[in-house]
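First up is the structure itself, then whatever we jot down about it.
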Amino acid sequence: MRRFWLLFAQTVTVGLAVWFIVATLKPDWASGTLSSRVRPAASSVQMQEAAPGAPTPNSYRDAARQAMPSVVNIFTTTEARPQKNPFMDDPFFKKFFGDQFEDQQDDKQSSLGSGVIVSPQGYILTNNHVVEAADEIEVALADGRKATAKVVGTDPETDLAVIKIDLPNLPAITLAHVEQATVGDIVLAIGNPFGVGQTVTMGIISALGRNHLGINTFENFIQTDAAINPGNSGGALVDTNGNLLGINTAIYSRTGGNLGIGFAIPVSTAKNVMEAIISHGQVVRGWIGVEPQDITPELAESFGLTKKTGAIIAGVLKNGPADKAGMKPGDILISVEGKTVSDTTEMLNLIAQLTPGAKAKMTVLRKAQETTLEIVVGKRPPPKREERE
């Protein structure tokens with residue numbers, strides 16, 4: 001028995017020594033043996049893996065995927081015609097230089113912007129300043145197709161334009177109910193900034209109804225901090241469902257780059273302008289022929305006003321609709337068709353909505369007395385086109 005225990009002890013000692021040597025020199029052999037023993041226990045742990053294509057929390061890829069095919073890149077080309085050299089009228093100069101200056105070829109200037117397909121028939125909304133004075137307009141779709149576009153009509157006073165392309169199976173965007181939008185809603189801006197290609201940025205609605213910015217005649221902007229840069233003009237501002245909320249138009253910037261203050265024209269305004277352009281070729285607005293002025297605290301004191309609402313009539317066009325109805329400089333317009341006038345912007349919007357040729361009742365404050373005038377509304381003349389350098 002003693003010999004048996006001695007043999008057993010020696011066997012155990014040798015076995016431990018061998019295991020120690022193997023564990024030191026070949027640890028992977030030892031770990032393989034150990035892992036084979038613990039693997040069955042590990043397999044009982046249930047691991048949850050995301051299924052391919054499952055929704056990702058805090059992702060807006062579905063909204064982007066929905067809207068991106070409807071946003072197009074717009075490339076415009078304008079012929080830059082050089083001014084005639086004044087010396088060409090001098091016979092002496094012409095004798096030596098001939099017609100070589102007259103044979104100069106016109107240069108072409110290119111610019112870029114964005115647009116949104118709003119109809120399967122090929123109608124695209126964009127900004128007026130994107131296509132203004134363009135000789136050629138090319139539209140590039142997200143699916144790689146390209147087409148030449150024609151201008152259906154423009155509205156410089158809202159900086160909107162409608163162009164059209166002829167291609168099949170166009171992905172028209174869905175219009176959102178912008179009246180349901182509120183400050184704090186998440187939005188995506190889609191466009192072609194700096195010509196790098198289609199880009200999506202995210203932000204929130206920072207404010208609604210922004211005006212008095214001096215950008216357009218008629219202003220009612222959605223303000224957002226979603227990054228909008230040069231080239232984004234005419235692109236889409238969409239909600240988290242990928243529906244169109246507005247047309248990106250302008251940014252506030254000291255450097256030309258994004259500072260977190262961008263402006264978009266609400267889709268409700270864009271829709272009305274587009275329908276008018278398609279139906280009539282232009283936007284017809286009401287007009288009465290006055291020069292309004294906002295009421296400042298100083299003016300309110302000089303006029304003895306207790307309220308600062310309304311618009312002061314600083315000038316009246318002779319023989320215009322307002323002049324014929326008896327409106328005078330110094331009158332304060334306080335209501336149009338029963339709707340209160342808060343300032344000049346509100347006054348312009350209310351009058352613009354009136355139908356030319358129709359009669360409208362307007363209330364003015366004259367020498368502290370309210371007077372109601374009946375004015376035959378005229379048609380707002382087109383804005384004078386400014387010369388561009």
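Ordering of the structure tokens sets the chain letters (A, B, ...), residue numbers begin anew at 1 in every chain, and ligands are numbered from 1 in the order given.
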Can you pull out the residues contacting Val377 (chain A)? Cut-off 7 Å, using only C-alpha atoms, and skip same-chain residues under 6 positions away; I want them as a tab-separated table (two decimals) with C-alpha atoms, in the first residue's frame.
```tsv
chain	number	residue	atom	x	y	z
A	286	GLY	CA	-53.60	93.93	-54.71
A	287	TRP	CA	-52.24	97.48	-54.53
A	288	ILE	CA	-53.56	100.89	-53.46
A	321	PRO	CA	-56.57	103.87	-55.86
A	355	THR	CA	-58.36	90.98	-55.62
A	356	PRO	CA	-57.58	93.75	-58.11
A	357	GLY	CA	-60.78	95.45	-59.26
A	358	ALA	CA	-62.68	94.59	-56.08
A	359	LYS	CA	-63.79	97.15	-53.49
A	360	ALA	CA	-62.23	96.99	-50.05
```
(message) Could you list, as a VMD selection string, every residue within 6 Å of region 130-145 of chain A, counting only C-alpha atoms and ignoring same-chain residues fewer than 3 positions away?
(response) chain A and resid 69 72 to 78 113 127 148 to 149
(request) Tell me, as a PyMOL selection string, which residues lie within 10 Å of region 290-294 of chain A, counting only C-alpha atoms; anything in the same chain fewer than 4 positions away does not count. (result) chain A and resi 299-300+308-318+320-323+327-333+342-345+347-348
Filtering to N, CA and C atoms, could you give me those residues as a PDB file, in the first residue's frame?
```
ATOM      1  N   LEU A 299     -42.764 108.974 -33.361  1.00  0.00           N
ATOM      2  CA  LEU A 299     -43.930 109.325 -34.168  1.00  0.00           C
ATOM      3  C   LEU A 299     -45.219 109.156 -33.373  1.00  0.00           C
ATOM      4  N   ALA A 300     -45.280 108.104 -32.554  1.00  0.00           N
ATOM      5  CA  ALA A 300     -46.469 107.885 -31.729  1.00  0.00           C
ATOM      6  C   ALA A 300     -46.685 109.051 -30.777  1.00  0.00           C
ATOM      7  N   LYS A 308     -49.224 101.738 -30.599  1.00  0.00           N
ATOM      8  CA  LYS A 308     -48.198 101.811 -31.641  1.00  0.00           C
ATOM      9  C   LYS A 308     -48.505 100.879 -32.805  1.00  0.00           C
ATOM     10  N   THR A 309     -49.765 100.469 -32.938  1.00  0.00           N
ATOM     11  CA  THR A 309     -50.151  99.609 -34.048  1.00  0.00           C
ATOM     12  C   THR A 309     -50.673 100.444 -35.199  1.00  0.00           C
ATOM     13  N   GLY A 310     -50.578  99.897 -36.396  1.00  0.00           N
ATOM     14  CA  GLY A 310     -51.017 100.603 -37.583  1.00  0.00           C
ATOM     15  C   GLY A 310     -49.839 100.996 -38.448  1.00  0.00           C
ATOM     16  N   ALA A 311     -50.124 101.634 -39.572  1.00  0.00           N
ATOM     17  CA  ALA A 311     -49.084 102.095 -40.497  1.00  0.00           C
ATOM     18  C   ALA A 311     -49.391 103.518 -40.916  1.00  0.00           C
ATOM     19  N   ILE A 312     -48.415 104.386 -40.785  1.00  0.00           N
ATOM     20  CA  ILE A 312     -48.586 105.783 -41.182  1.00  0.00           C
ATOM     21  C   ILE A 312     -48.481 105.889 -42.701  1.00  0.00           C
ATOM     22  N   ILE A 313     -49.402 106.580 -43.323  1.00  0.00           N
ATOM     23  CA  ILE A 313     -49.353 106.814 -44.761  1.00  0.00           C
ATOM     24  C   ILE A 313     -48.480 108.040 -45.002  1.00  0.00           C
ATOM     25  N   ALA A 314     -47.216 107.765 -45.392  1.00  0.00           N
ATOM     26  CA  ALA A 314     -46.269 108.868 -45.595  1.00  0.00           C
ATOM     27  C   ALA A 314     -46.462 109.535 -46.945  1.00  0.00           C
ATOM     28  N   GLY A 315     -46.996 108.809 -47.914  1.00  0.00           N
ATOM     29  CA  GLY A 315     -47.206 109.368 -49.243  1.00  0.00           C
ATOM     30  C   GLY A 315     -48.327 108.651 -49.959  1.00  0.00           C
ATOM     31  N   VAL A 316     -49.015 109.377 -50.831  1.00  0.00           N
ATOM     32  CA  VAL A 316     -50.112 108.816 -51.615  1.00  0.00           C
ATOM     33  C   VAL A 316     -49.869 109.129 -53.078  1.00  0.00           C
ATOM     34  N   LEU A 317     -49.887 108.088 -53.938  1.00  0.00           N
ATOM     35  CA  LEU A 317     -49.662 108.273 -55.363  1.00  0.00           C
ATOM     36  C   LEU A 317     -50.838 109.015 -55.988  1.00  0.00           C
ATOM     37  N   LYS A 318     -50.524 110.079 -56.706  1.00  0.00           N
ATOM     38  CA  LYS A 318     -51.585 110.882 -57.335  1.00  0.00           C
ATOM     39  C   LYS A 318     -52.346 110.038 -58.354  1.00  0.00           C
ATOM     40  N   GLY A 320     -53.881 107.437 -57.837  1.00  0.00           N
ATOM     41  CA  GLY A 320     -53.853 106.015 -57.502  1.00  0.00           C
ATOM     42  C   GLY A 320     -55.139 105.629 -56.787  1.00  0.00           C
ATOM     43  N   PRO A 321     -55.341 104.331 -56.525  1.00  0.00           N
ATOM     44  CA  PRO A 321     -56.566 103.874 -55.857  1.00  0.00           C
ATOM     45  C   PRO A 321     -56.828 104.558 -54.526  1.00  0.00           C
ATOM     46  N   ALA A 322     -55.795 104.714 -53.689  1.00  0.00           N
ATOM     47  CA  ALA A 322     -55.990 105.347 -52.384  1.00  0.00           C
ATOM     48  C   ALA A 322     -56.306 106.829 -52.529  1.00  0.00           C
ATOM     49  N   ASP A 323     -55.634 107.499 -53.466  1.00  0.00           N
ATOM     50  CA  ASP A 323     -55.879 108.928 -53.694  1.00  0.00           C
ATOM     51  C   ASP A 323     -57.316 109.157 -54.155  1.00  0.00           C
ATOM     52  N   MET A 327     -57.790 108.938 -49.364  1.00  0.00           N
ATOM     53  CA  MET A 327     -56.740 108.742 -48.363  1.00  0.00           C
ATOM     54  C   MET A 327     -55.692 109.836 -48.518  1.00  0.00           C
ATOM     55  N   LYS A 328     -55.175 110.323 -47.376  1.00  0.00           N
ATOM     56  CA  LYS A 328     -54.255 111.449 -47.385  1.00  0.00           C
ATOM     57  C   LYS A 328     -52.979 111.131 -46.604  1.00  0.00           C
ATOM     58  N   PRO A 329     -51.872 111.808 -46.953  1.00  0.00           N
ATOM     59  CA  PRO A 329     -50.650 111.650 -46.160  1.00  0.00           C
ATOM     60  C   PRO A 329     -50.911 112.064 -44.718  1.00  0.00           C
ATOM     61  N   GLY A 330     -50.393 111.284 -43.802  1.00  0.00           N
ATOM     62  CA  GLY A 330     -50.635 111.548 -42.384  1.00  0.00           C
ATOM     63  C   GLY A 330     -51.709 110.662 -41.794  1.00  0.00           C
ATOM     64  N   ASP A 331     -52.546 110.047 -42.664  1.00  0.00           N
ATOM     65  CA  ASP A 331     -53.524 109.089 -42.155  1.00  0.00           C
ATOM     66  C   ASP A 331     -52.789 107.878 -41.585  1.00  0.00           C
ATOM     67  N   ILE A 332     -53.418 107.241 -40.613  1.00  0.00           N
ATOM     68  CA  ILE A 332     -52.854 106.020 -40.030  1.00  0.00           C
ATOM     69  C   ILE A 332     -53.806 104.880 -40.355  1.00  0.00           C
ATOM     70  N   LEU A 333     -53.357 103.959 -41.186  1.00  0.00           N
ATOM     71  CA  LEU A 333     -54.189 102.831 -41.591  1.00  0.00           C
ATOM     72  C   LEU A 333     -54.197 101.798 -40.465  1.00  0.00           C
ATOM     73  N   SER A 342     -51.028  95.730 -37.912  1.00  0.00           N
ATOM     74  CA  SER A 342     -50.084  95.912 -36.812  1.00  0.00           C
ATOM     75  C   SER A 342     -48.888  96.770 -37.209  1.00  0.00           C
ATOM     76  N   ASP A 343     -48.436  96.606 -38.468  1.00  0.00           N
ATOM     77  CA  ASP A 343     -47.302  97.386 -38.949  1.00  0.00           C
ATOM     78  C   ASP A 343     -47.324  97.387 -40.474  1.00  0.00           C
ATOM     79  N   THR A 344     -46.292  97.942 -41.095  1.00  0.00           N
ATOM     80  CA  THR A 344     -46.273  98.050 -42.555  1.00  0.00           C
ATOM     81  C   THR A 344     -46.220  96.685 -43.234  1.00  0.00           C
ATOM     82  N   THR A 345     -45.500  95.725 -42.623  1.00  0.00           N
ATOM     83  CA  THR A 345     -45.430  94.384 -43.203  1.00  0.00           C
ATOM     84  C   THR A 345     -46.801  93.743 -43.247  1.00  0.00           C
ATOM     85  N   MET A 347     -49.620  95.334 -43.259  1.00  0.00           N
ATOM     86  CA  MET A 347     -50.427  96.103 -44.205  1.00  0.00           C
ATOM     87  C   MET A 347     -50.188  95.627 -45.638  1.00  0.00           C
ATOM     88  N   LEU A 348     -48.913  95.457 -46.006  1.00  0.00           N
ATOM     89  CA  LEU A 348     -48.586  94.997 -47.358  1.00  0.00           C
ATOM     90  C   LEU A 348     -49.170  93.616 -47.633  1.00  0.00           C
TER      91      LEU A 348
END
```
With DSSP run on the backbone, what are the strand (DSSP E) residues within region 100-172 of chain A? I'd like them as an mmCIF file with C-alpha atoms, in the first residue's frame.
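Here's the written file out.cif:
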```cif
data_model
loop_
_atom_site.group_PDB
_atom_site.id
_atom_site.type_symbol
_atom_site.label_atom_id
_atom_site.label_comp_id
_atom_site.auth_asym_id
_atom_site.auth_seq_id
_atom_site.Cartn_x
_atom_site.Cartn_y
_atom_site.Cartn_z
ATOM 1 C CA ASP A 107 -17.515 84.793 -71.502
ATOM 2 C CA LYS A 108 -19.825 82.410 -69.694
ATOM 3 C CA GLN A 109 -20.497 82.711 -65.990
ATOM 4 C CA SER A 110 -21.765 79.675 -64.094
ATOM 5 C CA SER A 111 -23.536 79.433 -60.772
ATOM 6 C CA LEU A 112 -25.277 76.741 -58.792
ATOM 7 C CA GLY A 113 -28.192 76.234 -56.467
ATOM 8 C CA SER A 114 -30.839 73.726 -55.490
ATOM 9 C CA GLY A 115 -34.486 73.017 -56.189
ATOM 10 C CA VAL A 116 -37.336 70.751 -55.100
ATOM 11 C CA ILE A 117 -39.515 68.592 -57.362
ATOM 12 C CA TYR A 123 -42.500 71.398 -61.788
ATOM 13 C CA ILE A 124 -39.623 72.441 -59.553
ATOM 14 C CA LEU A 125 -39.632 75.153 -56.883
ATOM 15 C CA THR A 126 -36.456 77.157 -56.363
ATOM 16 C CA ASN A 127 -35.345 80.698 -55.585
ATOM 17 C CA GLU A 136 -29.227 78.007 -69.670
ATOM 18 C CA ILE A 137 -30.512 75.928 -66.763
ATOM 19 C CA GLU A 138 -29.477 72.321 -66.187
ATOM 20 C CA VAL A 139 -31.044 70.161 -63.482
ATOM 21 C CA ALA A 140 -29.255 67.121 -62.020
ATOM 22 C CA LYS A 146 -29.923 65.345 -66.056
ATOM 23 C CA ALA A 147 -32.287 67.580 -68.000
ATOM 24 C CA THR A 148 -32.515 71.092 -69.378
ATOM 25 C CA LYS A 150 -37.239 76.097 -68.718
ATOM 26 C CA VAL A 151 -38.525 78.910 -66.516
ATOM 27 C CA VAL A 152 -42.301 78.815 -66.060
ATOM 28 C CA GLY A 153 -42.391 82.045 -64.052
ATOM 29 C CA THR A 154 -40.755 84.000 -61.252
ATOM 30 C CA ASP A 155 -41.840 86.139 -58.321
ATOM 31 C CA LEU A 160 -39.462 82.250 -55.672
ATOM 32 C CA ALA A 161 -39.361 80.720 -59.141
ATOM 33 C CA VAL A 162 -40.954 77.751 -60.870
ATOM 34 C CA ILE A 163 -39.008 75.815 -63.502
ATOM 35 C CA LYS A 164 -39.969 72.663 -65.388
#
```
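If you count only C-alpha atoms and ignore residues fewer than 5 places along the chain from Gly214 (chain A), what sits within 12 Å of it is A:Glu157, A:Thr158, A:Glu219, A:Asn220, A:Phe221, A:Ala250, A:Tyr252, A:Thr345.
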Write to file, as an mmCIF file, in the first residue's frame, the residues of the selection just made, with C-alpha atoms.
```
data_model
loop_
_atom_site.group_PDB
_atom_site.id
_atom_site.type_symbol
_atom_site.label_atom_id
_atom_site.label_comp_id
_atom_site.auth_asym_id
_atom_site.auth_seq_id
_atom_site.Cartn_x
_atom_site.Cartn_y
_atom_site.Cartn_z
ATOM 1 C CA GLU A 157 -40.999 89.877 -54.339
ATOM 2 C CA THR A 158 -40.928 86.521 -52.550
ATOM 3 C CA GLU A 219 -41.481 88.139 -45.683
ATOM 4 C CA ASN A 220 -42.755 85.390 -43.407
ATOM 5 C CA PHE A 221 -39.684 83.257 -42.864
ATOM 6 C CA ALA A 250 -31.030 83.044 -47.155
ATOM 7 C CA TYR A 252 -27.467 85.716 -41.807
ATOM 8 C CA THR A 345 -45.430 94.384 -43.203
#
```
Which residues come within 8 Å of region 201-212 of chain A, counting only C-alpha atoms, excluding same-chain residues fewer than 6 positions away, as a PDB file with C-alpha atoms, in the first residue's frame?
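out_13.pdb, written as the output of this step:
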```pdb
ATOM      1  CA  THR A 182     -43.689  74.910 -33.861  1.00  0.00           C
ATOM      2  CA  VAL A 183     -40.461  76.317 -32.483  1.00  0.00           C
ATOM      3  CA  GLY A 184     -38.229  73.458 -31.361  1.00  0.00           C
ATOM      4  CA  ASP A 185     -39.302  70.990 -34.052  1.00  0.00           C
ATOM      5  CA  ILE A 186     -36.404  69.098 -35.625  1.00  0.00           C
ATOM      6  CA  VAL A 187     -35.840  69.868 -39.310  1.00  0.00           C
ATOM      7  CA  LEU A 188     -33.435  68.781 -42.056  1.00  0.00           C
ATOM      8  CA  ALA A 189     -31.974  71.067 -44.721  1.00  0.00           C
ATOM      9  CA  ILE A 190     -31.157  69.372 -48.033  1.00  0.00           C
ATOM     10  CA  GLU A 219     -41.481  88.139 -45.683  1.00  0.00           C
ATOM     11  CA  ASN A 220     -42.755  85.390 -43.407  1.00  0.00           C
ATOM     12  CA  PHE A 221     -39.684  83.257 -42.864  1.00  0.00           C
ATOM     13  CA  ILE A 222     -39.056  80.071 -40.941  1.00  0.00           C
ATOM     14  CA  GLN A 223     -35.782  80.556 -39.053  1.00  0.00           C
ATOM     15  CA  THR A 224     -33.591  77.503 -38.452  1.00  0.00           C
ATOM     16  CA  ASP A 225     -30.130  76.649 -37.180  1.00  0.00           C
ATOM     17  CA  ALA A 226     -29.741  73.756 -39.640  1.00  0.00           C
ATOM     18  CA  ALA A 227     -26.591  74.531 -41.615  1.00  0.00           C
ATOM     19  CA  ILE A 228     -27.439  76.404 -44.829  1.00  0.00           C
ATOM     20  CA  THR A 345     -45.430  94.384 -43.203  1.00  0.00           C
TER      21      THR A 345
END
```
(request) To one decimal in Å, tell me the separation between CA of Pro120 (chain A) and CA of Asn169 (chain A). (result)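 The value is 6.9 Å.
Considering the residues A:Ala172, A:Phe218, A:Thr11, A:Gly289 and counting only C-alpha atoms, Glu346 (chain A) has its shortest atom-to-atom contact with A:Phe218.
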(message) Give me, as a PyMOL selection string, the residues of region 80-238 of chain A that a backbone DSSP run labels alpha helix (DSSP H).
(response) chain A and resi 91-97+128-131
Next, the residues of the selection above should be written as a PDB file, in the first residue's frame with N, CA and C atoms.
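Once everything was written out, this is out-v8.pdb:
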```
ATOM      1  N   PRO A  91     -12.051 106.682 -85.278  1.00  0.00           N
ATOM      2  CA  PRO A  91     -11.476 106.188 -86.553  1.00  0.00           C
ATOM      3  C   PRO A  91      -9.973 105.998 -86.480  1.00  0.00           C
ATOM      4  N   PHE A  92      -9.254 106.896 -85.776  1.00  0.00           N
ATOM      5  CA  PHE A  92      -7.805 106.794 -85.671  1.00  0.00           C
ATOM      6  C   PHE A  92      -7.409 105.504 -84.945  1.00  0.00           C
ATOM      7  N   PHE A  93      -8.108 105.205 -83.844  1.00  0.00           N
ATOM      8  CA  PHE A  93      -7.840 103.990 -83.076  1.00  0.00           C
ATOM      9  C   PHE A  93      -8.165 102.747 -83.912  1.00  0.00           C
ATOM     10  N   LYS A  94      -9.255 102.815 -84.640  1.00  0.00           N
ATOM     11  CA  LYS A  94      -9.701 101.678 -85.431  1.00  0.00           C
ATOM     12  C   LYS A  94      -8.741 101.397 -86.597  1.00  0.00           C
ATOM     13  N   LYS A  95      -8.066 102.474 -87.096  1.00  0.00           N
ATOM     14  CA  LYS A  95      -7.146 102.326 -88.209  1.00  0.00           C
ATOM     15  C   LYS A  95      -5.981 101.428 -87.825  1.00  0.00           C
ATOM     16  N   PHE A  96      -5.532 101.520 -86.567  1.00  0.00           N
ATOM     17  CA  PHE A  96      -4.371 100.760 -86.142  1.00  0.00           C
ATOM     18  C   PHE A  96      -4.740  99.380 -85.575  1.00  0.00           C
ATOM     19  N   PHE A  97      -5.887  99.290 -84.912  1.00  0.00           N
ATOM     20  CA  PHE A  97      -6.229  98.036 -84.235  1.00  0.00           C
ATOM     21  C   PHE A  97      -7.326  97.251 -84.944  1.00  0.00           C
ATOM     22  N   ASN A 128     -35.795  82.642 -56.928  1.00  0.00           N
ATOM     23  CA  ASN A 128     -35.669  83.496 -58.106  1.00  0.00           C
ATOM     24  C   ASN A 128     -34.207  83.859 -58.352  1.00  0.00           C
ATOM     25  N   HIS A 129     -33.454  84.122 -57.284  1.00  0.00           N
ATOM     26  CA  HIS A 129     -32.069  84.554 -57.490  1.00  0.00           C
ATOM     27  C   HIS A 129     -31.177  83.415 -58.009  1.00  0.00           C
ATOM     28  N   VAL A 130     -31.663  82.175 -57.957  1.00  0.00           N
ATOM     29  CA  VAL A 130     -30.895  81.054 -58.495  1.00  0.00           C
ATOM     30  C   VAL A 130     -30.954  81.040 -60.018  1.00  0.00           C
ATOM     31  N   VAL A 131     -32.124  81.356 -60.576  1.00  0.00           N
ATOM     32  CA  VAL A 131     -32.305  81.252 -62.031  1.00  0.00           C
ATOM     33  C   VAL A 131     -32.426  82.611 -62.716  1.00  0.00           C
TER      34      VAL A 131
END
```
